[in-house]
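Participant: The following file, target_11.txt, comprises compact mmCIF, C-alpha atoms:
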```txt
# COMPACT_ATOMS: atom_id res chain seq x y z
CA MET N 802 -6.98 15.51 2.35
CA THR N 803 -8.25 12.48 4.26
CA ILE N 804 -6.05 9.43 3.78
CA LEU N 805 -6.72 5.84 4.80
CA LEU N 806 -3.31 4.38 5.72
CA THR N 807 -2.89 0.66 6.24
CA GLY N 808 0.21 -0.80 7.83
CA SER N 809 0.74 2.41 9.75
CA HIS N 810 2.50 0.64 12.62
CA GLY N 811 5.11 -1.02 10.41
CA PHE N 812 8.51 0.34 9.39
CA LEU N 813 7.39 2.20 6.28
CA GLY N 814 3.88 3.02 7.50
CA GLN N 815 5.16 4.83 10.60
CA HIS N 816 7.21 7.18 8.44
CA VAL N 817 4.38 7.70 5.96
CA HIS N 818 2.05 8.52 8.85
CA THR N 819 4.45 11.11 10.29
CA ILE N 820 5.01 12.81 6.94
CA LEU N 821 1.31 12.94 6.08
CA LEU N 822 0.42 14.45 9.45
CA SER N 823 3.20 17.03 9.18
CA ALA N 824 1.81 18.00 5.76
CA GLY N 825 -1.54 18.74 7.40
CA HIS N 826 -3.52 15.73 6.19
CA THR N 827 -6.08 13.80 8.18
CA VAL N 828 -4.84 10.23 8.46
CA TRP N 829 -6.99 7.28 9.41
CA ARG N 830 -4.82 4.43 10.61
CA TYR N 831 -6.30 1.09 9.70
CA SER N 832 -5.48 -2.00 11.73
CA ARG N 833 -5.41 -5.30 9.90
CA ALA N 834 -6.57 -6.91 13.13
CA VAL N 835 -10.03 -5.79 12.02
CA ASN N 836 -9.70 -8.30 9.14
CA THR N 837 -12.04 -6.55 6.71
CA VAL N 838 -12.12 -3.24 4.95
CA HIS N 839 -15.17 -1.27 5.93
CA ASP N 840 -16.82 0.56 3.06
CA THR N 841 -17.46 3.50 5.37
CA CYS N 842 -13.72 4.09 5.76
CA VAL N 843 -13.09 4.00 2.02
CA SER N 844 -16.15 6.05 1.09
CA HIS N 845 -15.05 8.91 3.35
CA CYS N 846 -11.38 9.10 2.39
CA ASP N 847 -9.71 10.78 -0.58
CA LEU N 848 -6.81 8.36 -0.94
CA ILE N 849 -5.82 4.87 0.23
CA ILE N 850 -2.17 4.05 0.89
CA ASN N 851 -1.60 0.35 1.49
CA CYS N 852 1.63 -0.22 3.42
CA ALA N 853 0.32 -3.35 5.14
CA GLY N 854 2.25 -6.56 4.84
CA GLU N 855 3.43 -9.56 6.78
CA THR N 856 7.01 -10.75 6.40
CA GLU N 857 7.38 -13.41 9.08
CA ASP N 858 4.16 -15.02 10.32
CA LYS N 859 3.20 -17.58 7.69
CA GLU N 860 -0.28 -17.93 9.20
CA HIS N 861 -1.04 -14.29 8.37
CA MET N 862 0.82 -13.76 5.08
CA TRP N 863 -2.04 -14.81 2.82
CA HIS N 864 -4.47 -12.44 4.50
CA ALA N 865 -2.14 -9.48 5.09
CA ASN N 866 -0.32 -9.54 1.76
CA LEU N 867 -2.97 -10.67 -0.71
CA GLU N 868 -6.52 -10.93 0.61
CA PHE N 869 -6.35 -7.59 2.41
CA ALA N 870 -4.99 -5.88 -0.73
CA ALA N 871 -7.77 -7.49 -2.79
CA ASN N 872 -10.40 -6.14 -0.40
CA LEU N 873 -8.88 -2.66 -0.57
CA LEU N 874 -8.88 -2.82 -4.38
CA ARG N 875 -12.54 -3.81 -4.50
CA ALA N 876 -13.47 -0.92 -2.21
CA ALA N 877 -11.27 1.58 -4.09
CA ASP N 878 -12.87 0.51 -7.35
CA ALA N 879 -16.42 0.65 -5.98
CA PHE N 880 -15.99 4.13 -4.48
CA LYS N 881 -13.70 5.47 -7.22
CA ARG N 882 -10.85 6.24 -4.82
CA ARG N 883 -7.20 6.45 -5.73
CA MET N 884 -4.99 3.82 -4.15
CA ILE N 885 -1.25 3.49 -3.76
CA HIS N 886 -0.14 -0.10 -3.13
CA VAL N 887 3.32 -0.64 -1.67
CA GLY N 888 4.83 -3.79 -3.11
CA THR N 889 8.39 -4.95 -2.69
CA LEU N 890 11.40 -5.45 -4.88
CA VAL N 891 11.42 -9.18 -4.04
CA GLU N 892 8.49 -9.54 -6.42
CA GLU N 893 10.99 -9.49 -9.27
CA LEU N 894 13.08 -12.33 -7.83
CA PRO N 895 12.31 -16.00 -8.38
CA ILE N 896 9.50 -16.93 -6.03
CA HIS N 897 10.85 -19.12 -3.24
CA THR N 898 8.66 -18.22 -0.28
CA VAL N 899 5.05 -17.59 0.61
CA TYR N 900 6.01 -13.97 1.28
CA HIS N 901 7.32 -13.54 -2.29
CA ALA N 902 4.28 -15.24 -3.76
CA THR N 903 1.68 -13.27 -1.82
CA LYS N 904 3.33 -9.89 -2.38
CA ARG N 905 3.70 -10.62 -6.10
CA ALA N 906 0.10 -11.77 -6.39
CA ALA N 907 -1.15 -8.57 -4.71
CA THR N 908 0.86 -6.40 -7.08
CA ASP N 909 -0.33 -8.38 -10.10
CA LEU N 910 -3.90 -7.95 -8.91
CA CYS N 911 -3.41 -4.17 -8.61
CA VAL N 912 -1.98 -3.99 -12.12
CA GLY N 913 -4.85 -6.12 -13.44
CA TYR N 914 -7.48 -3.88 -11.83
CA ALA N 915 -5.84 -0.79 -13.29
CA ARG N 916 -5.64 -2.24 -16.81
CA GLU N 917 -8.94 -4.10 -16.93
CA PHE N 918 -11.27 -1.90 -14.92
CA GLY N 919 -9.52 1.47 -14.95
CA THR N 920 -9.10 1.46 -11.17
CA ASN N 921 -6.92 4.38 -10.12
CA VAL N 922 -4.18 2.37 -8.44
CA SER N 923 -0.44 2.91 -8.47
CA VAL N 924 2.09 0.31 -7.38
CA ILE N 925 5.44 1.22 -5.93
CA ARG N 926 8.26 -1.15 -5.10
CA PRO N 927 10.60 0.64 -2.71
CA SER N 928 14.05 -0.81 -2.86
CA THR N 929 16.25 1.50 -0.85
CA ILE N 930 14.54 2.07 2.46
CA TYR N 931 15.42 -1.03 4.46
CA GLY N 932 19.20 -1.21 4.25
CA ALA N 933 21.65 0.03 6.82
CA GLY N 934 22.16 3.74 6.43
CA ASP N 935 19.17 4.22 4.14
CA ARG N 936 16.83 7.04 5.02
CA ALA N 937 13.08 6.56 4.65
CA SER N 938 12.80 10.33 4.88
CA ALA N 939 14.47 10.69 1.47
CA PHE N 940 12.13 8.20 -0.18
CA LEU N 941 8.78 9.34 1.19
CA PRO N 942 8.76 12.97 0.01
CA THR N 943 9.60 11.72 -3.48
CA LEU N 944 6.64 9.36 -3.33
CA TRP N 945 4.34 12.11 -2.13
CA ARG N 946 5.46 14.57 -4.84
CA ALA N 947 4.76 11.93 -7.49
CA TYR N 948 1.25 11.55 -6.12
CA VAL N 949 0.54 15.28 -5.84
CA GLU N 950 1.89 15.97 -9.32
CA ASP N 951 0.04 12.90 -10.68
CA LYS N 952 3.22 11.55 -12.24
CA PRO N 953 4.59 8.01 -12.35
CA PHE N 954 6.71 7.16 -9.34
CA ARG N 955 10.31 6.20 -10.03
CA VAL N 956 12.96 5.17 -7.52
```
What would the structure in this file look like if it were written as structure tokens?
Facilitator:
Amino acid sequence: MTILLTGSHGFLGQHVHTILLSAGHTVWRYSRAVNTVHDTCVSHCDLIINCAGETEDKEHMWHANLEFAANLLRAADAFKRRMIHVGTLVEELPIHTVYHATKRAATDLCVGYAREFGTNVSVIRPSTIYGAGDRASAFLPTLWRAYVEDKPFRV
């Protein structure tokens, strides 16, 4: 399978990249420095996994957390590709920061595309992979099995 992976240099994306490669998949790493999603990338992949996000640089949060996700959604919808969007548990908290707001808006947009247009997008909100002692390796195979078995993902 050919997978377009965004955020592949971040904490979660690095682990996703390693696991996908070890499972024998072709992984295209997408850099947000490019700023736009090229239709060619999306049209030639089987799956999009969006792990991209900005947690600290307020100048880039809007683009990385919301606009970039919106562009991926448009391309996934246009080319009928399945997309997995990685949100965050902070989306459920009261919104106090630009980070919270942009991550929540991206997730809401994904849910809206799925409901309104039938876009094949799943949203996950990992909650146990950033704490001390937590193992990303336990989370990621569970995510991948849910995708392969076409079942809802539950943490």
Participant: Counting all atoms listed in the file, what is within 9 Å of Cys852 of chain N, bar same-chain residues fewer than 6 positions away, as a list of chain:residue names?
Facilitator: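 Near neighbours after the sequence-gap exclusion: N:Leu806, N:Thr807, N:Gly808, N:Ser809, N:Gly811, N:Leu813, N:Gly814, N:Val817, N:Ile885, N:His886, N:Val887, N:Gly888.
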Participant: Of the candidates N:Met802, N:Ala879, N:Ala902, N:Cys911, which one gets nearest to Asn851 of chain N if we count only C-alpha atoms?
Facilitator: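 Of the candidates, the smallest distance to Asn851 of chain N is held by N:Cys911.
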Participant: Tell me which protein, DNA and RNA residues are within 12 Å of Glu857 of chain N, counting only C-alpha atoms, leaving out same-chain ones fewer than 2 positions away, and put them as a PyMOL selection string.
Facilitator: chain N and resi 854-855+859-863+865-866+898-901
Participant: Mind giving me the straight-line distance from atom CA of Asn872 of chain N to atom CA of His845 of chain N in Å, one decimal?
Facilitator: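 Atom CA of His845 of chain N lies at a distance of 16.2 Å from atom CA of Asn872 of chain N.
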Participant: With distances taken over all atoms listed in the file, which residue among N:Leu874, N:Cys846, N:Ile820, N:Val949 lies nearest Val922 of chain N?
Facilitator: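 Of N:Leu874, N:Cys846, N:Ile820, N:Val949, the one nearest Val922 of chain N is N:Leu874, counting all atoms listed in the file.
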Participant: Quick one: distance from atom CA of His826 of chain N to atom CA of Ala877 of chain N in Å, one decimal?
Facilitator: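 It comes out at 19.1 Å.
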Participant: What is the distance, in Å and to one decimal place, between atom CA of Asn921 of chain N and atom CA of Asp951 of chain N?
Facilitator: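 These two atoms are separated by 11.0 Å.
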Participant: Env of segment 841-844 of chain N: 9 Å cut, atoms = only C-alpha atoms, seq-sep filter 3 positions within chain, self excluded. Answer as a compact mmCIF listing (two decimals) with C-alpha atoms, in the frame of the given file.
Facilitator:
```txt
# COMPACT_ATOMS: atom_id res chain seq x y z
CA LEU N 805 -6.72 5.84 4.80
CA TRP N 829 -6.99 7.28 9.41
CA TYR N 831 -6.30 1.09 9.70
CA VAL N 838 -12.12 -3.24 4.95
CA ASP N 847 -9.71 10.78 -0.58
CA LEU N 848 -6.81 8.36 -0.94
CA ILE N 849 -5.82 4.87 0.23
CA LEU N 873 -8.88 -2.66 -0.57
CA ALA N 876 -13.47 -0.92 -2.21
CA ALA N 877 -11.27 1.58 -4.09
CA ALA N 879 -16.42 0.65 -5.98
CA PHE N 880 -15.99 4.13 -4.48
CA LYS N 881 -13.70 5.47 -7.22
CA ARG N 882 -10.85 6.24 -4.82
```
Participant: Ranking N:Thr856, N:Val924, N:Arg905, N:Leu910 by minimum distance to Met884 of chain N and counting all atoms listed in the file, which one comes first?
Facilitator: N:Val924
Participant: Which of these, N:His864, N:Leu822, N:Thr889, N:Arg875, has the shortest distance to Ala915 of chain N once you count all atoms listed in the file?
Facilitator: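 Closest candidate: N:Arg875.
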Participant: For a quick check of understanding, using only C-alpha atoms, which of N:Val828, N:Leu867, N:Asp909, N:Thr903 has the smallest distance to Ser923 of chain N?
Facilitator: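 Smallest separation from Ser923 of chain N among the options: N:Asp909.
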Participant: Considering all atoms listed in the file, can you say which of N:Ala870, N:Ala907, N:Ile925, N:Ile850 comes closest to Thr803 of chain N?
Facilitator: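 Nearest candidate to Thr803 of chain N out of N:Ala870, N:Ala907, N:Ile925, N:Ile850: N:Ile850.
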